[in-house]
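*Asks:* Sharing a structure, written as structure tokens. Questions coming.
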Amino acid sequence: MVQQFKKRSQKAGLPPGTFVHIGDRLAKEVRMEVINYSEERLEKKEIKSIEECRPFLERPDTVTWINIEGIHDVKKIEEIGMIFGTHPLILEDILNSDQRPKMEDLGEYIYTVLKIFNEQKGESLKVVSEQISIIIGGNYVFSILEKENTVLKPIRTRLEAGIGRIRKAGPDYLAYAIIDAVVDHYFIVLEAFGEKAERMEEASLKNPGPDTLQAIQDFKREMIFLRRSVWPLRETISSLARSESPLIQDGTIAYFKDVYDHTIQVIDNIETLRDMLSGLLDIYLSSVSNKMNTVMKTLTIIATIFIPLTFIAGVYGMNFKYMPELEWPWGYFGVWGIMLVVAFLMVIFFYKKKW
Amino acid sequence: MVQQFKKRSQKAGLPPGTFVHIGDRLAKEVRMEVINYSEERLEKKEIKSIEECRPFLERPDTVTWINIEGIHDVKKIEEIGMIFGTHPLILEDILNSDQRPKMEDLGEYIYTVLKIFNEQKGESLKVVSEQISIIIGGNYVFSILEKENTVLKPIRTRLEAGIGRIRKAGPDYLAYAIIDAVVDHYFIVLEAFGEKAERMEEASLKNPGPDTLQAIQDFKREMIFLRRSVWPLRETISSLARSESPLIQDGTIAYFKDVYDHTIQVIDNIETLRDMLSGLLDIYLSSVSNKMNTVMKTLTIIATIFIPLTFIAGVYGMNFKYMPELEWPWGYFGVWGIMLVVAFLMVIFFYKKKW
Amino acid sequence: MVQQFKKRSQKAGLPPGTFVHIGDRLAKEVRMEVINYSEERLEKKEIKSIEECRPFLERPDTVTWINIEGIHDVKKIEEIGMIFGTHPLILEDILNSDQRPKMEDLGEYIYTVLKIFNEQKGESLKVVSEQISIIIGGNYVFSILEKENTVLKPIRTRLEAGIGRIRKAGPDYLAYAIIDAVVDHYFIVLEAFGEKAERMEEASLKNPGPDTLQAIQDFKREMIFLRRSVWPLRETISSLARSESPLIQDGTIAYFKDVYDHTIQVIDNIETLRDMLSGLLDIYLSSVSNKMNTVMKTLTIIATIFIPLTFIAGVYGMNFKYMPELEWPWGYFGVWGIMLVVAFLMVIFFYKKKW
Amino acid sequence: MVQQFKKRSQKAGLPPGTFVHIGDRLAKEVRMEVINYSEERLEKKEIKSIEECRPFLERPDTVTWINIEGIHDVKKIEEIGMIFGTHPLILEDILNSDQRPKMEDLGEYIYTVLKIFNEQKGESLKVVSEQISIIIGGNYVFSILEKENTVLKPIRTRLEAGIGRIRKAGPDYLAYAIIDAVVDHYFIVLEAFGEKAERMEEASLKNPGPDTLQAIQDFKREMIFLRRSVWPLRETISSLARSESPLIQDGTIAYFKDVYDHTIQVIDNIETLRDMLSGLLDIYLSSVSNKMNTVMKTLTIIATIFIPLTFIAGVYGMNFKYMPELEWPWGYFGVWGIMLVVAFLMVIFFYKKKW
Amino acid sequence: MVQQFKKRSQKAGLPPGTFVHIGDRLAKEVRMEVINYSEERLEKKEIKSIEECRPFLERPDTVTWINIEGIHDVKKIEEIGMIFGTHPLILEDILNSDQRPKMEDLGEYIYTVLKIFNEQKGESLKVVSEQISIIIGGNYVFSILEKENTVLKPIRTRLEAGIGRIRKAGPDYLAYAIIDAVVDHYFIVLEAFGEKAERMEEASLKNPGPDTLQAIQDFKREMIFLRRSVWPLRETISSLARSESPLIQDGTIAYFKDVYDHTIQVIDNIETLRDMLSGLLDIYLSSVSNKMNTVMKTLTIIATIFIPLTFIAGVYGMNFKYMPELEWPWGYFGVWGIMLVVAFLMVIFFYKKKW
């Protein structure tokens, strides 16, 4: 968690416009792919340099989608600026992987940053976030991911197969499709969270221990993290839906409104999870206290039953010269009888009182 | 509860405009009924295909109400789009049964989604929600429910009997009548919740146990669920009441404002219930702790009374050669006397201190 | 409390404009009184039918105040609609006694609903709320109360005596006077609540018991109820003060602003009470826990003092053949001495530690 | 605290415009002073009747400050209305000493009410609030205090000495100077509160007792009271700073903005204190619980050490015929040895576990 | 903490425009430096009096940066007013070192106050705040720090080296660079806080003690302090970014927006830390309670095992004449066997129950 506090401090003091990649550095090569399509044709090409996509941009009536996976090679990102005239601060935002989701209309292009969430496989549920930058231009769309990710695969498939409106529509619709895929992906993560919340509730009720507390706290933190990332999404997508930029056509607005509705649902689900989580701590604390109470009660009842019996035994252990009961032949067995009766009555009493 | 997190993830990755029914799939046939009425006449017909309602729409000065109960037959919903020109995203919303209540003015028609709540019979109070989509057109109203429901029955009866303004007014008034029926239905559910809250409060005070905690948590969740569904209602109905669409006549606005007032009351009641619930946990925890305290106190008092007595018995169990009391003939009975006095004084002391 | 959830469900399914009285049905007759006044003259008359007030309305330059106490006779309320042309939804609101405070400007008249609070005499402080509907017309004011109430008595007295501006001003000033009386009445209820809060705080500190918890919860609920009724008042009176209706004269606006200030003060007091109440639970819980701690500590100290003594007695109760102390003539008294010293040292130790 | 709830109820039912002084009635005479000044001259006079200040008002290019300390003499306040044409509702507000801070622009004059806070000397910190009403006219300023107060003394001194802008500026600057003095006075009270909070935190940590709880609650209440009085100040002074009244000159606006900044700082400090206070209860409860835990733990450890020893002594107190240990000559001392070893091991064990 | 409450009260009663330095008084000399630069040239000079920077201001097409470190010499600040015509209230704000961050556009110049945070070296993390005032004029920038600070060093270096846009741009860009450096510095402090929060969480889980509670409270307070200082920053920088002043060029607006985004991130991080902190108290309290429970449970189990054994020993310590077991030769060892079995069974039972 604290990791996010560290990232930024590396850059303190550097002049703005210094392109430094802030984030986990990956050994892998940066993957870059261009897809150029119109209703009739589609061309796909892996590229090594942004320069290579220039010829596609000049084809009339086509949309060019440049998908970059990996931002650790600063030079490749700088190239975007040189060819497309992107503002240095935008390039800095692309490289700096802890941006808050936001949308900026720069006239010639629209820049949007979102977060993709992936579950990290492992025993405890962890969420890994990744940044996706989208640049919507007049006839191109850039999507720049922090690392390789399968989230955009269905869109590539749809484009190639020509399913739905996607091949007929412009770059704004492609951008919508990307954003929709990202937001829909949240539901998968939330589903995992919901299941985990249920499992933890059961664990809290049945077998509460210090681990459970730690797990609740970890879960809470994951939720805080998720929540802080998703809340600004609302505003981001709302500005897209209300955008008056000529880059976004009237027909696409309805689609952006639809994603907006999904975002609201994501937020609703997160808030519901949050309410469940705060209940979880109550359940945990109550369960721990209940368990402790049961233990202490049982132990105290055992002690309470034996204390009077020990007293009786103590009485007949006294060494008085004149103690008539001691002389009685049935005295010893009588005392056993009395002790059993006393114990029995106490058990009955505790049972009746439902202790 | 977690169910709601699951529904959506099924659709992640699919292109928009893919009509997939998200929700519980029901075996039953979809029920479709057309009611065509004017002030003088009313005609009612069960239909098998949306196509069949076309002739009714062409009758001048009549209102056509098409009521569909069941949305699992995707084709029938698609037909609406083909005949009435409904936007594909609206059709998707109708099929997707976990919409947030909302209202969309699309010019030629107004689309509204609401939630109907029904109590599920059973030992513990459960609320089942169902989605109702309403499309208000120039001379028709669509009401599309997720499954069969009796909530619209009184409106059908009123239409047939011609009670009140309903037969004289247009489709906007019919839509109002449907929404009013849905919102009034909330009061029935809230009444059940209110009664349950009272029963739980009594249980928390008199017989608190781990079950009570579980029940409070379940209740809380139901409330979270209800609340999240009802809050957006406020905005939805408010937009209807403030709508400037020509589809809603000036005279009907007052009626929509009236429903709005009811919605505010529903929200007020939910907030009151919520405040009661948060008090419930306090009561429960205090009661558990009180009960535990009483038990421990009683046990400790018993132990505390016997410990000094056991000590006295222990003293006269010592084997010193010279212990004058042991020789006294009344020694044994004297010790009994002392022990009784000590026990009595302690009981008096505890009683006085009100322990 | 739950009562409020019940009221509304009776009406679910009925067509709007069905006049059903929702509320406690009272056996008493409906009291109706007309007061017609100008600066010079005042006429007062008990009436049996709304019809009877018609001649008063025709007198030029006079104000007619029709005060109705009791709304269970639906027909009498319907009559208002027939004679004054009141909208059916307004009549429904008058009859439906669980309205939220609101103000509606209908052009020819202004409709306002408020709540009057009365303390119910009895051992525990209970607040009974009653609805008052006010209709401000061009030359008349309707005030319709749920049952008989003394809250408007001072206004009648002032009118008859001609004290202050009231006889010189129009119906808007009369309406102001009524609303002012209602709002000022809140201060009396709040005073009682404030006193009760103090008494409960003292009880929580000195003698906390399960009853106190119940009482705190009941008080909390009363406060929730009061709060929910008063909050919308703010908006209601604010709309009156900012009203641009010709029915409210410029000179009267200042008076409505004054009532608005009082409303803010009422809300402030309620919020203060609420903060006090939340502190109350903390005090109660701390006191209970303090009391319990004292008890347990005392008992444990008693036990702890006797346990080592019992051990010493046990040692000399052993039957070893060679135990030199047992032979000593002063052995027994020496042991007593040691035991007394041990007990004394422990008491000193506990005292020093301030246990 | 409850006192504030009482004040208002005395007035319920009275017609508006009835001048009744609500507040503590003081035996002392009302002090009234007029200061008439221009850049060159300054005249000061104690007056007995408002009438006496009329000649000063007619002097051209001078500002007249009428300072009234004491509002229990209703007639003197009524005189203001007669001579200056002040609205009856304003006069009512001046007399009614539990006004919320507010500002009202009445065209010819601006009316502002503020609260002055004074620490009440005594063992526990108490804050006494006093109302100050300020009327800013074209060439006069009224300041009406509830009782005598030293808060305005520095302004009088500054006026007489002619320090700063005050003698050169108009009545708006004088009003500013008064308000600035009132707001700056808050910092003194807040300083005392801050010191008290620190003392209480120390007491909570070192010596928590029921008194501490009571003190925390009392402090909390004082804070609630202070907070409710200061919050509306923000709005009040903000309206003065944004006022478009010709009574407030453009040059003075900057000064009002400065006071506004101070008000924000006051609110910030109050919020900080509030956060500290809520932490205080946590500290107190933790300390009490810690102290209790230490006591119980120590007592239980003592008991736990002696219980096995008593058992050993008990074993050798048995009367079996054949018990070889009893015959051993070193048996008794051996048992003592064993018991010491057992006790020692237990102490070591508890120490190692850091109990 | 309380220190902040003290500062202001020193000034209560003084006329506005009295230049008094409020803050810690430092013995060191005030450091003043002028840097005059254009794209081609840069001149740097240590000055003793503001007067000395006048010649630089007259050079055309150059920017003059006057950096003052130390505000305790009131005369030097007064000089600014005399030479640059700065408003007395602005000078007062510069001297008064507990300003809230704010931005004021005074037409000819823009005044901004921010807080710089520095970690104080020492065992516990402490944050020391310092005020920086920035005045942006047509061809000059003033930066006035409370004491010497290294935060602006990188800017000086960048200016001298001519790295980036800074030498080509105007005073608005220089001001941006200063503000950016200040805001970026927050990330360093937040990183330290994040690390501390993690360390404290570990301590709370593993070794909770009264010190931990104190540390959590101290941390909480530091956070409250930081939060209150940073929140107004948002508004301050937002007004700079939305400023329509001709002093801020269109090209620089984008840079201010970028700082705004950083500010939002700072606030997000603070809120995340705050959520972590509130969880910390829960963890601490649970850990303390868990630890206590384990201790008490172990002690009670020890006692519970020995109580029945002591009872058995007590039984055979009775002095009845006829007790057959006492005569049995293997009686003593048999009893030992029984006692061992009982103890063993109880241990098994407790183990099985996982106590």
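All residue names refer to the structure tokens as shown: chains lettered A, B, ... in order, residues numbered from 1 in each chain, ligands numbered from 1 in order.
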Please identify every residue of chain A that has at least one atom no more than 12 Å from any atom of chain C, counting only C-alpha atoms, and report them as a PyMOL selection string.

*Replies:* chain A and resi 307+310-311+314+317-319

*Asks:* List the spatial neighbours of Lys353 in chain B as a list in words - criterion: any atom at most 12 Å away, only C-alpha atoms, same-chain residues fewer than 6 positions off excluded.

*Replies:* Met346 and Val347 of chain B; Lys291, Met292, Thr294, Val295 and Thr298 of chain C

*Asks:* Okay, now the selection with C-alpha atoms, as a short mmCIF file (atom, residue, chain, number, x, y, z; two decimals), in the first residue's frame?

*Replies:*
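File produced: result.cif:
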```cif
data_model
loop_
_atom_site.label_atom_id
_atom_site.label_comp_id
_atom_site.auth_asym_id
_atom_site.auth_seq_id
_atom_site.Cartn_x
_atom_site.Cartn_y
_atom_site.Cartn_z
CA MET B 346 -21.00 -11.03 53.30
CA VAL B 347 -24.40 -11.66 51.72
CA LYS C 291 -19.53 -0.25 38.16
CA MET C 292 -18.85 -3.80 36.99
CA THR C 294 -15.44 -2.02 40.86
CA VAL C 295 -17.49 -5.09 41.80
CA THR C 298 -13.44 -5.96 45.14
#
```

*Asks:* Which polymer residues have any atom within 6 Å of an atom of range 29-42 of chain A, counting only C-alpha atoms, with same-chain residues fewer than 5 positions away left out, as a PyMOL selection string?

*Replies:* chain A and resi 47+62-70+167-168

*Asks:* How many Å lie between CA of Ala181 in chain B and CA of Val151 in chain B, rounded to one decimal?

*Replies:*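 Here the two named atoms are 6.7 Å from each other.
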
*Asks:* What does the distance between CA of Gly170 in chain C and CA of Gly251 in chain C come to in Å, to one decimal place?

*Replies:* 10.5 Å

*Asks:* Hey, what's within 12 Å of Phe333 in chain A if we count only C-alpha atoms and toss same-chain stuff fewer than 5 positions away? As a PDB file with C-alpha atoms, in the first residue's frame, please?

*Replies:*
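Wrote it out as selection.pdb, contents follow:
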```
ATOM      1  CA  GLU A 325     -20.393 -36.450  62.570  1.00  0.00           C
ATOM      2  CA  LEU A 326     -16.913 -37.933  62.444  1.00  0.00           C
ATOM      3  CA  TRP A 328     -21.033 -41.711  62.731  1.00  0.00           C
ATOM      4  CA  ILE A 338     -24.402 -34.157  50.453  1.00  0.00           C
ATOM      5  CA  MET A 339     -21.614 -33.094  48.145  1.00  0.00           C
ATOM      6  CA  LEU A 340     -23.206 -34.843  45.169  1.00  0.00           C
TER       7      LEU A 340
ATOM      8  CA  VAL E 315     -11.931 -35.307  50.660  1.00  0.00           C
ATOM      9  CA  MET E 318     -11.385 -35.547  56.238  1.00  0.00           C
ATOM     10  CA  PHE E 320     -14.130 -39.515  59.561  1.00  0.00           C
ATOM     11  CA  LYS E 321     -13.597 -42.554  61.609  1.00  0.00           C
ATOM     12  CA  TYR E 322     -14.894 -44.905  58.979  1.00  0.00           C
ATOM     13  CA  MET E 323     -13.358 -44.086  55.612  1.00  0.00           C
ATOM     14  CA  PRO E 324     -12.550 -47.437  53.919  1.00  0.00           C
ATOM     15  CA  GLU E 325     -10.269 -45.955  51.220  1.00  0.00           C
TER      16      GLU E 325
END
```

*Asks:* What does the distance from CA of Ala197 in chain B to CA of His185 in chain B come to in Å, to one decimal?

*Replies:*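 Separation of CA of Ala197 in chain B and CA of His185 in chain B: 18.9 Å.
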
*Asks:* Select from range 56-258 of chain D everything DSSP, run on the backbone, classes as strand (DSSP E), then give the selection as a ChimeraX atom specification.

*Replies:* /D:63-69,102-105,110-120,126-136,140-145

*Asks:* I want to know what sits within 9 Å of Pro208 in chain E, based on only C-alpha atoms, with residues of the same chain fewer than 4 positions away left out; could you give that as an MDAnalysis selection string?

*Replies:* chainID E and resid 203:204 212:213 284:285 287:288 291

*Asks:* Any chance you could list, as a PyMOL selection string, the residues in range 209-267 of chain A that come up alpha helix (DSSP H) when DSSP is run on the backbone?

*Replies:* chain A and resi 210-241+250-267

*Asks:* Name the residues in contact with range 79-90 of chain D at a cut-off of 10 Å, using only C-alpha atoms, excluding same-chain residues fewer than 5 positions from it; report them as a list of chain:residue names.

*Replies:*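 Neighbouring residues, sequence-local ones excluded: C:Ala254, C:Tyr255, C:Lys257, C:Asp258, D:Pro16, D:Gly17, D:Thr18, D:Phe19, D:Ser49, D:Ile50, D:Glu51, D:Cys53, D:Arg54, D:Val74, D:Leu95, D:Asn96, D:Glu104, D:Leu106, D:Glu108, D:Tyr109, D:Tyr111, D:Thr112, D:Ser133, D:Ile135, D:Gly137, D:Phe142.
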